[in-house]
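Text of the file work-v7.pdb, holding PDB, C-alpha atoms:
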MODEL        1
ATOM      1  CA  MET A   1       0.000   0.000   0.000
ATOM      2  CA  THR A   2       2.795   2.379   0.797
ATOM      3  CA  GLY A   3       4.414   1.845  -2.581
ATOM      4  CA  SER A   4       1.118   2.586  -4.323
ATOM      5  CA  ALA A   5       0.673   5.852  -2.376
ATOM      6  CA  ASP A   6       4.198   6.973  -3.232
ATOM      7  CA  SER A   7       3.541   6.205  -6.898
ATOM      8  CA  ASP A   8       0.336   8.296  -6.828
ATOM      9  CA  ARG A   9       2.225  11.278  -5.363
ATOM     10  CA  ASP A  10       4.914  10.963  -8.057
ATOM     11  CA  ASP A  11       2.237  10.910 -10.764
ATOM     12  CA  LYS A  12       0.637  14.081  -9.362
ATOM     13  CA  ARG A  13       3.992  15.893  -9.277
ATOM     14  CA  ALA A  14       4.669  14.875 -12.870
ATOM     15  CA  LYS A  15       1.267  16.133 -13.985
ATOM     16  CA  SER A  16       1.878  19.414 -12.142
ATOM     17  CA  THR A  17       5.184  19.871 -13.991
ATOM     18  CA  ASP A  18       3.861  18.813 -17.389
ATOM     19  CA  SER A  19       0.592  20.810 -17.206
ATOM     20  CA  PRO A  20       1.210  24.292 -15.800
ATOM     21  CA  THR A  21      -1.578  25.962 -13.880
ATOM     22  CA  PRO A  22      -3.250  29.039 -15.376
ATOM     23  CA  GLY A  23      -1.423  31.157 -12.812
ATOM     24  CA  GLY A  24       1.949  29.868 -13.974
ATOM     25  CA  ALA A  25       1.094  30.669 -17.580
ATOM     26  CA  ALA A  26       0.176  34.224 -16.629
ATOM     27  CA  VAL A  27       3.486  34.699 -14.847
ATOM     28  CA  ARG A  28       5.443  33.477 -17.872
ATOM     29  CA  ALA A  29       3.403  35.688 -20.188
ATOM     30  CA  ALA A  30       4.135  38.711 -18.000
ATOM     31  CA  GLU A  31       7.850  37.866 -18.002
ATOM     32  CA  GLU A  32       7.878  37.577 -21.792
ATOM     33  CA  ALA A  33       6.016  40.896 -22.128
ATOM     34  CA  ALA A  34       8.552  42.575 -19.854
ATOM     35  CA  GLU A  35      11.377  41.195 -21.997
ATOM     36  CA  ARG A  36       9.760  42.647 -25.110
ATOM     37  CA  ALA A  37       8.979  46.054 -23.534
ATOM     38  CA  PRO A  38      12.339  47.724 -24.391
ATOM     39  CA  GLU A  39      12.004  46.564 -27.985
ATOM     40  CA  ARG A  40       8.458  47.956 -28.226
ATOM     41  CA  ALA A  41       9.549  51.241 -26.646
ATOM     42  CA  ALA A  42      12.402  51.546 -29.140
ATOM     43  CA  ARG A  43      10.031  50.925 -32.058
ATOM     44  CA  LYS A  44       7.592  53.498 -30.708
ATOM     45  CA  ALA A  45      10.364  56.094 -30.271
ATOM     46  CA  ALA A  46      11.643  55.434 -33.786
ATOM     47  CA  THR A  47       8.227  56.057 -35.330
ATOM     48  CA  ALA A  48       7.145  58.958 -33.051
ATOM     49  CA  GLU A  49       7.010  62.351 -34.708
ATOM     50  CA  LYS A  50       9.209  65.156 -33.446
ATOM     51  CA  THR A  51       7.400  68.439 -32.895
ATOM     52  CA  VAL A  52       8.853  71.706 -31.585
ATOM     53  CA  VAL A  53       6.726  74.308 -29.796
ATOM     54  CA  HIS A  54       8.449  77.668 -29.406
ATOM     55  CA  VAL A  55       6.950  79.798 -26.635
ATOM     56  CA  LEU A  56       7.772  83.413 -27.419
ATOM     57  CA  ARG A  57       7.623  86.264 -24.950
ATOM     58  CA  HIS A  58       6.196  89.408 -26.547
ATOM     59  CA  GLY A  59       8.320  92.465 -27.374
ATOM     60  CA  GLU A  60       8.678  95.713 -25.450
ATOM     61  CA  VAL A  61       5.413  97.452 -24.556
ATOM     62  CA  HIS A  62       4.639 101.182 -24.685
ATOM     63  CA  ASN A  63       4.185 101.898 -20.966
ATOM     64  CA  PRO A  64       5.258 105.462 -20.134
ATOM     65  CA  GLY A  65       3.568 105.299 -16.721
ATOM     66  CA  GLY A  66       5.624 102.279 -15.653
ATOM     67  CA  LEU A  67       2.517 100.417 -14.509
ATOM     68  CA  LEU A  68       2.037  96.728 -13.975
ATOM     69  CA  TYR A  69      -0.395  96.319 -16.843
ATOM     70  CA  GLY A  70      -1.027  92.583 -16.438
ATOM     71  CA  ARG A  71      -4.221  91.655 -18.269
ATOM     72  CA  LEU A  72      -5.393  95.243 -18.768
ATOM     73  CA  PRO A  73      -6.403  96.075 -22.359
ATOM     74  CA  GLY A  74      -4.872  98.834 -24.432
ATOM     75  CA  TYR A  75      -1.183  98.082 -23.953
ATOM     76  CA  HIS A  76       0.492  97.778 -27.342
ATOM     77  CA  LEU A  77       4.042  97.179 -28.498
ATOM     78  CA  SER A  78       6.350 100.177 -28.576
ATOM     79  CA  GLU A  79       8.264 100.974 -31.757
ATOM     80  CA  LEU A  80      11.187  99.037 -30.314
ATOM     81  CA  GLY A  81       8.853  96.152 -29.481
ATOM     82  CA  ARG A  82       7.620  96.031 -33.075
ATOM     83  CA  GLU A  83      11.216  95.933 -34.254
ATOM     84  CA  MET A  84      11.869  93.024 -31.891
ATOM     85  CA  ALA A  85       8.885  91.159 -33.339
ATOM     86  CA  GLU A  86      10.178  91.671 -36.882
ATOM     87  CA  VAL A  87      13.615  90.353 -35.900
ATOM     88  CA  VAL A  88      12.085  87.221 -34.404
ATOM     89  CA  GLY A  89       9.968  86.771 -37.529
ATOM     90  CA  GLU A  90      13.102  86.892 -39.659
ATOM     91  CA  HIS A  91      14.900  84.543 -37.274
ATOM     92  CA  LEU A  92      12.141  81.930 -37.620
ATOM     93  CA  ALA A  93      11.605  82.400 -41.358
ATOM     94  CA  GLY A  94      13.512  79.252 -42.273
ATOM     95  CA  ARG A  95      11.839  77.045 -39.657
ATOM     96  CA  ASP A  96       9.097  74.535 -40.403
ATOM     97  CA  ILE A  97       6.387  76.528 -38.609
ATOM     98  CA  THR A  98       2.834  75.529 -39.485
ATOM     99  CA  HIS A  99       0.894  76.952 -36.517
ATOM    100  CA  VAL A 100       1.025  80.359 -34.781
ATOM    101  CA  VAL A 101      -1.081  81.057 -31.698
ATOM    102  CA  ALA A 102      -1.063  83.947 -29.230
ATOM    103  CA  SER A 103      -2.482  85.234 -25.990
ATOM    104  CA  PRO A 104      -5.518  87.473 -26.593
ATOM    105  CA  LEU A 105      -3.685  90.551 -25.258
ATOM    106  CA  GLU A 106      -2.688  93.159 -27.843
ATOM    107  CA  ARG A 107       1.061  92.943 -27.247
ATOM    108  CA  ALA A 108       1.060  89.191 -27.854
ATOM    109  CA  GLN A 109      -1.060  89.403 -31.003
ATOM    110  CA  GLU A 110       1.202  92.133 -32.392
ATOM    111  CA  THR A 111       4.325  90.091 -31.649
ATOM    112  CA  ALA A 112       2.853  87.102 -33.473
ATOM    113  CA  GLU A 113       1.955  89.091 -36.596
ATOM    114  CA  PRO A 114       5.359  89.136 -38.376
ATOM    115  CA  ILE A 115       5.829  85.384 -37.833
ATOM    116  CA  ALA A 116       2.375  84.553 -39.179
ATOM    117  CA  ARG A 117       2.885  86.910 -42.132
ATOM    118  CA  VAL A 118       6.201  85.344 -43.122
ATOM    119  CA  ARG A 119       4.789  81.811 -42.811
ATOM    120  CA  GLY A 120       1.496  82.658 -44.516
ATOM    121  CA  VAL A 121      -0.687  81.350 -41.672
ATOM    122  CA  GLU A 122      -3.485  82.839 -39.585
ATOM    123  CA  ILE A 123      -2.919  83.768 -35.937
ATOM    124  CA  ALA A 124      -4.978  81.570 -33.638
ATOM    125  CA  THR A 125      -5.876  82.813 -30.155
ATOM    126  CA  ASP A 126      -5.673  80.736 -26.985
ATOM    127  CA  ARG A 127      -6.717  82.392 -23.735
ATOM    128  CA  ARG A 128      -4.639  79.871 -21.796
ATOM    129  CA  LEU A 129      -1.535  81.793 -22.944
ATOM    130  CA  ILE A 130      -2.654  84.999 -21.211
ATOM    131  CA  GLU A 131      -0.665  86.864 -18.567
ATOM    132  CA  ALA A 132      -1.038  85.782 -14.931
ATOM    133  CA  ALA A 133      -3.723  87.583 -12.940
ATOM    134  CA  ASN A 134      -2.363  90.005 -10.341
ATOM    135  CA  VAL A 135      -4.059  92.191  -7.711
ATOM    136  CA  PHE A 136      -1.542  94.968  -8.421
ATOM    137  CA  GLU A 137      -2.672  95.520 -12.018
ATOM    138  CA  GLY A 138      -2.770  99.213 -12.897
ATOM    139  CA  LYS A 139      -0.339 100.157 -10.134
ATOM    140  CA  ALA A 140       3.350 100.991 -10.154
ATOM    141  CA  PHE A 141       4.673  97.751  -8.771
ATOM    142  CA  GLY A 142       8.061  96.631 -10.007
ATOM    143  CA  VAL A 143      10.924  94.523  -8.734
ATOM    144  CA  GLY A 144      13.083  96.605  -6.405
ATOM    145  CA  ASP A 145      10.765  99.635  -6.173
ATOM    146  CA  GLY A 146       9.924  99.166  -2.486
ATOM    147  CA  ALA A 147       6.351  98.032  -3.075
ATOM    148  CA  MET A 148       6.746  95.071  -0.726
ATOM    149  CA  SER A 149       7.644  97.344   2.180
ATOM    150  CA  ARG A 150       4.426  99.364   1.920
ATOM    151  CA  PRO A 151       2.003  98.392   4.735
ATOM    152  CA  GLY A 152      -1.004  98.679   2.424
ATOM    153  CA  ASN A 153       0.342  95.837   0.293
ATOM    154  CA  TRP A 154       1.120  93.421   3.109
ATOM    155  CA  LYS A 155      -2.332  91.810   3.091
ATOM    156  CA  HIS A 156      -1.534  90.453  -0.379
ATOM    157  CA  LEU A 157       2.006  89.292   0.372
ATOM    158  CA  TYR A 158       1.512  86.691   3.097
ATOM    159  CA  ASN A 159       2.259  83.622   0.938
ATOM    160  CA  PRO A 160       4.920  83.955  -1.784
ATOM    161  CA  LEU A 161       4.772  80.213  -2.469
ATOM    162  CA  ARG A 162       1.245  80.315  -3.914
ATOM    163  CA  PRO A 163       1.512  83.350  -4.611
ATOM    164  CA  SER A 164      -1.099  85.145  -2.521
ATOM    165  CA  TRP A 165      -1.110  88.287  -4.721
ATOM    166  CA  GLY A 166      -2.098  86.598  -7.951
ATOM    167  CA  GLU A 167      -2.955  83.504  -9.948
ATOM    168  CA  PRO A 168      -1.588  80.353  -8.277
ATOM    169  CA  TYR A 169       1.506  78.942  -9.931
ATOM    170  CA  VAL A 170      -0.068  75.501 -10.275
ATOM    171  CA  ASP A 171      -2.985  77.002 -12.197
ATOM    172  CA  GLN A 172      -0.538  78.635 -14.592
ATOM    173  CA  VAL A 173       1.187  75.300 -15.138
ATOM    174  CA  VAL A 174      -2.099  73.561 -15.967
ATOM    175  CA  ARG A 175      -3.287  76.114 -18.506
ATOM    176  CA  MET A 176       0.112  76.686 -20.132
ATOM    177  CA  ARG A 177       0.800  72.966 -20.495
ATOM    178  CA  GLY A 178      -2.654  72.573 -22.029
ATOM    179  CA  ALA A 179      -1.915  75.389 -24.483
ATOM    180  CA  ILE A 180       1.424  74.040 -25.683
ATOM    181  CA  ASP A 181       0.090  70.482 -25.915
ATOM    182  CA  ALA A 182      -2.714  71.832 -28.118
ATOM    183  CA  ALA A 183      -0.137  73.649 -30.268
ATOM    184  CA  ARG A 184       1.823  70.396 -30.537
ATOM    185  CA  ASP A 185      -1.292  68.616 -31.779
ATOM    186  CA  ALA A 186      -1.934  71.366 -34.344
ATOM    187  CA  ALA A 187       1.630  71.141 -35.700
ATOM    188  CA  ARG A 188       2.394  67.407 -35.414
ATOM    189  CA  GLY A 189       5.717  66.638 -37.059
ATOM    190  CA  HIS A 190       6.418  70.346 -37.625
ATOM    191  CA  GLU A 191       6.867  73.441 -35.439
ATOM    192  CA  ALA A 192       4.529  75.881 -33.698
ATOM    193  CA  VAL A 193       4.916  79.286 -32.062
ATOM    194  CA  CYS A 194       2.924  80.318 -28.982
ATOM    195  CA  VAL A 195       3.199  83.979 -27.942
ATOM    196  CA  SER A 196       2.752  84.508 -24.211
ATOM    197  CA  HIS A 197       4.108  86.429 -21.223
ATOM    198  CA  GLN A 198       7.120  86.245 -18.964
ATOM    199  CA  LEU A 199       5.719  84.761 -15.748
ATOM    200  CA  PRO A 200       3.578  81.983 -17.287
ATOM    201  CA  ILE A 201       6.445  81.015 -19.602
ATOM    202  CA  TRP A 202       8.924  80.828 -16.737
ATOM    203  CA  ILE A 203       6.536  78.862 -14.530
ATOM    204  CA  LEU A 204       5.890  76.389 -17.363
ATOM    205  CA  ARG A 205       9.607  75.904 -17.957
ATOM    206  CA  SER A 206      10.280  75.507 -14.222
ATOM    207  CA  HIS A 207       7.635  72.794 -14.038
ATOM    208  CA  VAL A 208       8.941  70.902 -17.070
ATOM    209  CA  GLU A 209      12.497  71.103 -15.740
ATOM    210  CA  ARG A 210      11.279  70.012 -12.294
ATOM    211  CA  ARG A 211      12.288  73.110 -10.385
ATOM    212  CA  ARG A 212      10.292  74.703  -7.603
ATOM    213  CA  LEU A 213       7.700  77.176  -8.860
ATOM    214  CA  TRP A 214       8.268  80.003  -6.377
ATOM    215  CA  HIS A 215      11.344  82.018  -7.316
ATOM    216  CA  ASP A 216      13.139  85.362  -7.375
ATOM    217  CA  PRO A 217      11.606  87.352 -10.294
ATOM    218  CA  ARG A 218      14.986  88.954 -10.976
ATOM    219  CA  LYS A 219      16.403  85.565 -11.940
ATOM    220  CA  ARG A 220      13.890  84.554 -14.609
ATOM    221  CA  GLN A 221      15.543  83.586 -17.876
ATOM    222  CA  CYS A 222      12.873  85.005 -20.140
ATOM    223  CA  THR A 223      13.983  88.214 -21.833
ATOM    224  CA  LEU A 224      11.696  90.275 -24.060
ATOM    225  CA  ALA A 225      11.186  88.530 -27.438
ATOM    226  CA  SER A 226      12.982  85.391 -26.215
ATOM    227  CA  LEU A 227      12.119  81.850 -27.274
ATOM    228  CA  THR A 228      11.667  78.975 -24.841
ATOM    229  CA  SER A 229      11.448  75.922 -27.087
ATOM    230  CA  PHE A 230       9.923  72.581 -26.084
ATOM    231  CA  THR A 231      10.817  69.582 -28.242
ATOM    232  CA  TYR A 232       8.333  66.698 -28.206
ATOM    233  CA  LEU A 233       8.848  63.124 -29.312
ATOM    234  CA  GLY A 234       5.322  61.934 -29.811
ATOM    235  CA  ASP A 235       3.417  63.320 -26.818
ATOM    236  CA  GLU A 236       6.399  63.622 -24.475
ATOM    237  CA  ILE A 237       8.662  66.640 -23.974
ATOM    238  CA  ILE A 238      12.248  65.428 -24.377
ATOM    239  CA  SER A 239      14.178  68.718 -24.193
ATOM    240  CA  VAL A 240      13.884  72.439 -23.494
ATOM    241  CA  GLY A 241      15.903  75.139 -25.252
ATOM    242  CA  TYR A 242      16.234  78.891 -24.821
ATOM    243  CA  SER A 243      17.353  81.608 -27.246
ATOM    244  CA  GLU A 244      17.287  85.397 -27.546
ATOM    245  CA  PRO A 245      17.131  86.299 -31.253
ATOM    246  CA  ALA A 246      16.427  89.996 -30.566
ATOM    247  CA  ILE A 247      18.870  90.430 -27.672
ATOM    248  CA  GLU A 248      20.737  93.289 -29.383
ATOM    249  CA  LEU A 249      17.555  95.358 -29.183
ATOM    250  CA  VAL A 250      16.811  94.621 -25.518
ATOM    251  CA  PRO A 251      17.998  97.317 -23.061
ATOM    252  CA  ALA A 252      20.623  95.918 -20.699
ATOM    253  CA  HIS A 253      18.479  96.398 -17.579
ATOM    254  CA  LEU A 254      15.676  94.291 -19.119
ATOM    255  CA  ARG A 255      17.770  91.283 -20.104
ATOM    256  CA  ALA A 256      17.404  87.818 -18.584
ATOM    257  CA  GLY A 257      18.593  87.489 -15.017
ATOM    258  CA  GLY A 258      18.390  91.198 -14.365
ATOM    259  CA  ALA A 259      14.869  92.182 -15.346
ATOM    260  CA  ARG A 260      13.311  95.150 -13.630
ATOM    261  CA  GLY A 261      10.085  96.934 -14.371
ATOM    262  CA  ALA A 262       6.361  96.534 -14.218
ATOM    263  CA  GLY A 263       5.392  94.781 -17.385
ATOM    264  CA  ALA A 264       5.467  91.217 -18.545
TER
ENDMDL
END

Please go through the file and, once you have read it, give me the structure as structure tokens.
Amino acid sequence: MTGSADSDRDDKRAKSTDSPTPGGAAVRAAEEAAERAPERAARKAATAEKTVVHVLRHGEVHNPGGLLYGRLPGYHLSELGREMAEVVGEHLAGRDITHVVASPLERAQETAEPIARVRGVEIATDRRLIEAANVFEGKAFGVGDGAMSRPGNWKHLYNPLRPSWGEPYVDQVVRMRGAIDAARDAARGHEAVCVSHQLPIWILRSHVERRRLWHDPRKRQCTLASLTSFTYLGDEIISVGYSEPAIELVPAHLRAGGARGAGA
């Protein structure tokens, strides 16, 4: 009897080895899929289209009162700002640009005009590219002008991380990323230009490059008429570039890393 029992156990073990359970098959299938994953990813990368979205800060604005104009209407490019826009248009003339979109504010639309004219495309408008909201709109409020030491302003300055005086940084990230992703979709396999404003551009770049969003405004790398360029492979951003095609026209005190003044 003992020999028969041992033989039965041996038969069961043999059947278990020869006929894998459904669970064992699933494990092997998962292992095989994992082995093939790098190959699939490589194939996907090889066939993904490269698209470049250039986010352009507008040119200099006519602002004799030195106000923080923010989203206020009626602020147009100065003569120098129009010259900056023309220089950028010439700089991008040889690029494969198929889509031009701008913030609804006048200074952004005017900056986009030479690029659209050279490329023979219409200017689209995307409100998500607009300047950040700010409670100090219409007031003289610039970096280094002592505004933060005025008691009347303190109620708006309690949380620089949000920031408490304007549109939250995270909200700017959401809308700006949505805008450039939409531009990517409109220009798949080609290039697009989005004309926006200093703070939203810098916040978007900081997010993509995984830096903290709160920052010293004097250290933003986003000069007037500068290009912050996002290169996509398929739907993913793979690199960020920065250039200043109109830098020779930008006054020294308004250049990247040393910007002062009320406008954006």

Open item on the list: One number please: CA of Gly70 (chain A) to CA of Glu137 (chain A), in Å, one decimal.
Closed with: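 The value is 5.6 Å.
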
What are the closest atom pairs, with distances in Å to one decimal, for all residues of region 76-111 of chain A lying within 12 Å of region 208-227 of chain A? Consider only C-alpha atoms, order rows by chain and residue number, and present the result as CSV.
residue,atom,partner,partner_atom,distance
A:Leu77,CA,A:Leu224,CA,11.2
A:Leu80,CA,A:Leu224,CA,10.8
A:Gly81,CA,A:Ala225,CA,8.2
A:Arg82,CA,A:Ala225,CA,10.0
A:Glu83,CA,A:Ala225,CA,10.1
A:Met84,CA,A:Ala225,CA,6.4
A:Ala85,CA,A:Ala225,CA,6.9
A:Glu86,CA,A:Ala225,CA,10.0
A:Val87,CA,A:Ala225,CA,9.0
A:Val88,CA,A:Ala225,CA,7.1
A:Gly89,CA,A:Ala225,CA,10.3
A:His91,CA,A:Leu227,CA,10.7
A:Leu92,CA,A:Leu227,CA,10.3
A:Arg107,CA,A:Ala225,CA,11.0
A:Ala108,CA,A:Ala225,CA,10.2
A:Glu110,CA,A:Ala225,CA,11.7
A:Thr111,CA,A:Ala225,CA,8.2

Task: Residues near Arg188 (chain A), cut-off 7 Å, only C-alpha atoms, skip fewer than 4 positions along chain, as number ranges by chain - done: A: 49, 51, 184

Write out, as a PDB file, keeping the file's coordinate frame, the residues just selected, with C-alpha atoms.
ATOM      1  CA  GLU A  49       7.010  62.351 -34.708  1.00  0.00           C
ATOM      2  CA  THR A  51       7.400  68.439 -32.895  1.00  0.00           C
ATOM      3  CA  ARG A 184       1.823  70.396 -30.537  1.00  0.00           C
TER       4      ARG A 184
END

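As for CA of Ser103 (chain A) and CA of Val170 (chain A), they are spaced 18.6 Å apart.
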
Task: Nearest candidate to His190 (chain A) (options A:Leu72, A:Val61, A:Leu105, A:Val53; using only C-alpha atoms) - done: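 Going through A:Leu72, A:Val61, A:Leu105, A:Val53 one by one, the smallest distance to His190 (chain A) is for A:Val53.
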
Task: d(CA of Ala192 (chain A), CA of Ile237 (chain A)) in Å - done: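 It comes out at 14.0 Å.
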
Given the file above and the PyMOL selection byres ((chain A and resi 101) around 9), which residues are selected, and can you give them as a PDB file with C-alpha atoms, in the coordinates of the input?
ATOM      1  CA  HIS A  99       0.894  76.952 -36.517  1.00  0.00           C
ATOM      2  CA  VAL A 100       1.025  80.359 -34.781  1.00  0.00           C
ATOM      3  CA  ALA A 102      -1.063  83.947 -29.230  1.00  0.00           C
ATOM      4  CA  SER A 103      -2.482  85.234 -25.990  1.00  0.00           C
ATOM      5  CA  GLN A 109      -1.060  89.403 -31.003  1.00  0.00           C
ATOM      6  CA  ALA A 112       2.853  87.102 -33.473  1.00  0.00           C
ATOM      7  CA  ALA A 116       2.375  84.553 -39.179  1.00  0.00           C
ATOM      8  CA  GLU A 122      -3.485  82.839 -39.585  1.00  0.00           C
ATOM      9  CA  ILE A 123      -2.919  83.768 -35.937  1.00  0.00           C
ATOM     10  CA  ALA A 124      -4.978  81.570 -33.638  1.00  0.00           C
ATOM     11  CA  THR A 125      -5.876  82.813 -30.155  1.00  0.00           C
ATOM     12  CA  ASP A 126      -5.673  80.736 -26.985  1.00  0.00           C
ATOM     13  CA  LEU A 129      -1.535  81.793 -22.944  1.00  0.00           C
ATOM     14  CA  ALA A 183      -0.137  73.649 -30.268  1.00  0.00           C
ATOM     15  CA  ALA A 192       4.529  75.881 -33.698  1.00  0.00           C
ATOM     16  CA  VAL A 193       4.916  79.286 -32.062  1.00  0.00           C
ATOM     17  CA  CYS A 194       2.924  80.318 -28.982  1.00  0.00           C
ATOM     18  CA  VAL A 195       3.199  83.979 -27.942  1.00  0.00           C
TER      19      VAL A 195
END

Reference answer for the PyMOL selection byres ((chain A and resi 69) around 10), as a CSV table (one decimal) with C-alpha atoms, in the frame of the given file:
chain,number,residue,atom,x,y,z
A,61,VAL,CA,5.4,97.5,-24.6
A,63,ASN,CA,4.2,101.9,-21.0
A,65,GLY,CA,3.6,105.3,-16.7
A,66,GLY,CA,5.6,102.3,-15.7
A,67,LEU,CA,2.5,100.4,-14.5
A,68,LEU,CA,2.0,96.7,-14.0
A,70,GLY,CA,-1.0,92.6,-16.4
A,71,ARG,CA,-4.2,91.7,-18.3
A,72,LEU,CA,-5.4,95.2,-18.8
A,73,PRO,CA,-6.4,96.1,-22.4
A,74,GLY,CA,-4.9,98.8,-24.4
A,75,TYR,CA,-1.2,98.1,-24.0
A,131,GLU,CA,-0.7,86.9,-18.6
A,134,ASN,CA,-2.4,90.0,-10.3
A,136,PHE,CA,-1.5,95.0,-8.4
A,137,GLU,CA,-2.7,95.5,-12.0
A,138,GLY,CA,-2.8,99.2,-12.9
A,139,LYS,CA,-0.3,100.2,-10.1
A,140,ALA,CA,3.4,101.0,-10.2
A,141,PHE,CA,4.7,97.8,-8.8
A,262,ALA,CA,6.4,96.5,-14.2
A,263,GLY,CA,5.4,94.8,-17.4
A,264,ALA,CA,5.5,91.2,-18.5

What would the file be for region 178-191 of chain A if you keep N, CA, C and O atoms and write it as a PDB file, in the first residue's frame?
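As written to disk, result09.pdb reads:
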ATOM      1  N   GLY A 178      -1.553  72.868 -21.113  1.00  0.00           N
ATOM      2  CA  GLY A 178      -2.654  72.573 -22.029  1.00  0.00           C
ATOM      3  C   GLY A 178      -2.511  73.316 -23.344  1.00  0.00           C
ATOM      4  O   GLY A 178      -2.777  72.764 -24.421  1.00  0.00           O
ATOM      5  N   ALA A 179      -2.062  74.576 -23.270  1.00  0.00           N
ATOM      6  CA  ALA A 179      -1.915  75.389 -24.483  1.00  0.00           C
ATOM      7  C   ALA A 179      -0.806  74.864 -25.384  1.00  0.00           C
ATOM      8  O   ALA A 179      -0.978  74.776 -26.609  1.00  0.00           O
ATOM      9  N   ILE A 180       0.341  74.499 -24.807  1.00  0.00           N
ATOM     10  CA  ILE A 180       1.424  74.040 -25.683  1.00  0.00           C
ATOM     11  C   ILE A 180       1.170  72.621 -26.196  1.00  0.00           C
ATOM     12  O   ILE A 180       1.591  72.275 -27.303  1.00  0.00           O
ATOM     13  N   ASP A 181       0.465  71.810 -25.414  1.00  0.00           N
ATOM     14  CA  ASP A 181       0.090  70.482 -25.915  1.00  0.00           C
ATOM     15  C   ASP A 181      -0.881  70.617 -27.094  1.00  0.00           C
ATOM     16  O   ASP A 181      -0.804  69.853 -28.067  1.00  0.00           O
ATOM     17  N   ALA A 182      -1.785  71.599 -27.007  1.00  0.00           N
ATOM     18  CA  ALA A 182      -2.714  71.832 -28.118  1.00  0.00           C
ATOM     19  C   ALA A 182      -1.963  72.320 -29.357  1.00  0.00           C
ATOM     20  O   ALA A 182      -2.278  71.924 -30.491  1.00  0.00           O
ATOM     21  N   ALA A 183      -0.961  73.178 -29.149  1.00  0.00           N
ATOM     22  CA  ALA A 183      -0.137  73.649 -30.268  1.00  0.00           C
ATOM     23  C   ALA A 183       0.642  72.493 -30.876  1.00  0.00           C
ATOM     24  O   ALA A 183       0.801  72.402 -32.104  1.00  0.00           O
ATOM     25  N   ARG A 184       1.139  71.603 -30.036  1.00  0.00           N
ATOM     26  CA  ARG A 184       1.823  70.396 -30.537  1.00  0.00           C
ATOM     27  C   ARG A 184       0.900  69.584 -31.436  1.00  0.00           C
ATOM     28  O   ARG A 184       1.291  69.144 -32.524  1.00  0.00           O
ATOM     29  N   ASP A 185      -0.337  69.398 -30.997  1.00  0.00           N
ATOM     30  CA  ASP A 185      -1.292  68.616 -31.779  1.00  0.00           C
ATOM     31  C   ASP A 185      -1.600  69.287 -33.114  1.00  0.00           C
ATOM     32  O   ASP A 185      -1.798  68.617 -34.130  1.00  0.00           O
ATOM     33  N   ALA A 186      -1.625  70.633 -33.116  1.00  0.00           N
ATOM     34  CA  ALA A 186      -1.934  71.366 -34.344  1.00  0.00           C
ATOM     35  C   ALA A 186      -0.771  71.357 -35.334  1.00  0.00           C
ATOM     36  O   ALA A 186      -0.981  71.601 -36.530  1.00  0.00           O
ATOM     37  N   ALA A 187       0.443  71.084 -34.845  1.00  0.00           N
ATOM     38  CA  ALA A 187       1.630  71.141 -35.700  1.00  0.00           C
ATOM     39  C   ALA A 187       2.394  69.820 -35.714  1.00  0.00           C
ATOM     40  O   ALA A 187       3.609  69.814 -35.918  1.00  0.00           O
ATOM     41  N   ARG A 188       1.732  68.716 -35.520  1.00  0.00           N
ATOM     42  CA  ARG A 188       2.394  67.407 -35.414  1.00  0.00           C
ATOM     43  C   ARG A 188       3.435  67.209 -36.514  1.00  0.00           C
ATOM     44  O   ARG A 188       3.147  67.356 -37.699  1.00  0.00           O
ATOM     45  N   GLY A 189       4.657  66.877 -36.097  1.00  0.00           N
ATOM     46  CA  GLY A 189       5.717  66.638 -37.059  1.00  0.00           C
ATOM     47  C   GLY A 189       6.346  67.894 -37.608  1.00  0.00           C
ATOM     48  O   GLY A 189       7.272  67.811 -38.437  1.00  0.00           O
ATOM     49  N   HIS A 190       5.889  69.065 -37.139  1.00  0.00           N
ATOM     50  CA  HIS A 190       6.418  70.346 -37.625  1.00  0.00           C
ATOM     51  C   HIS A 190       6.761  71.221 -36.406  1.00  0.00           C
ATOM     52  O   HIS A 190       7.190  70.711 -35.387  1.00  0.00           O
ATOM     53  N   GLU A 191       6.578  72.533 -36.539  1.00  0.00           N
ATOM     54  CA  GLU A 191       6.867  73.441 -35.439  1.00  0.00           C
ATOM     55  C   GLU A 191       5.723  74.427 -35.256  1.00  0.00           C
ATOM     56  O   GLU A 191       5.001  74.746 -36.206  1.00  0.00           O
TER      57      GLU A 191
END
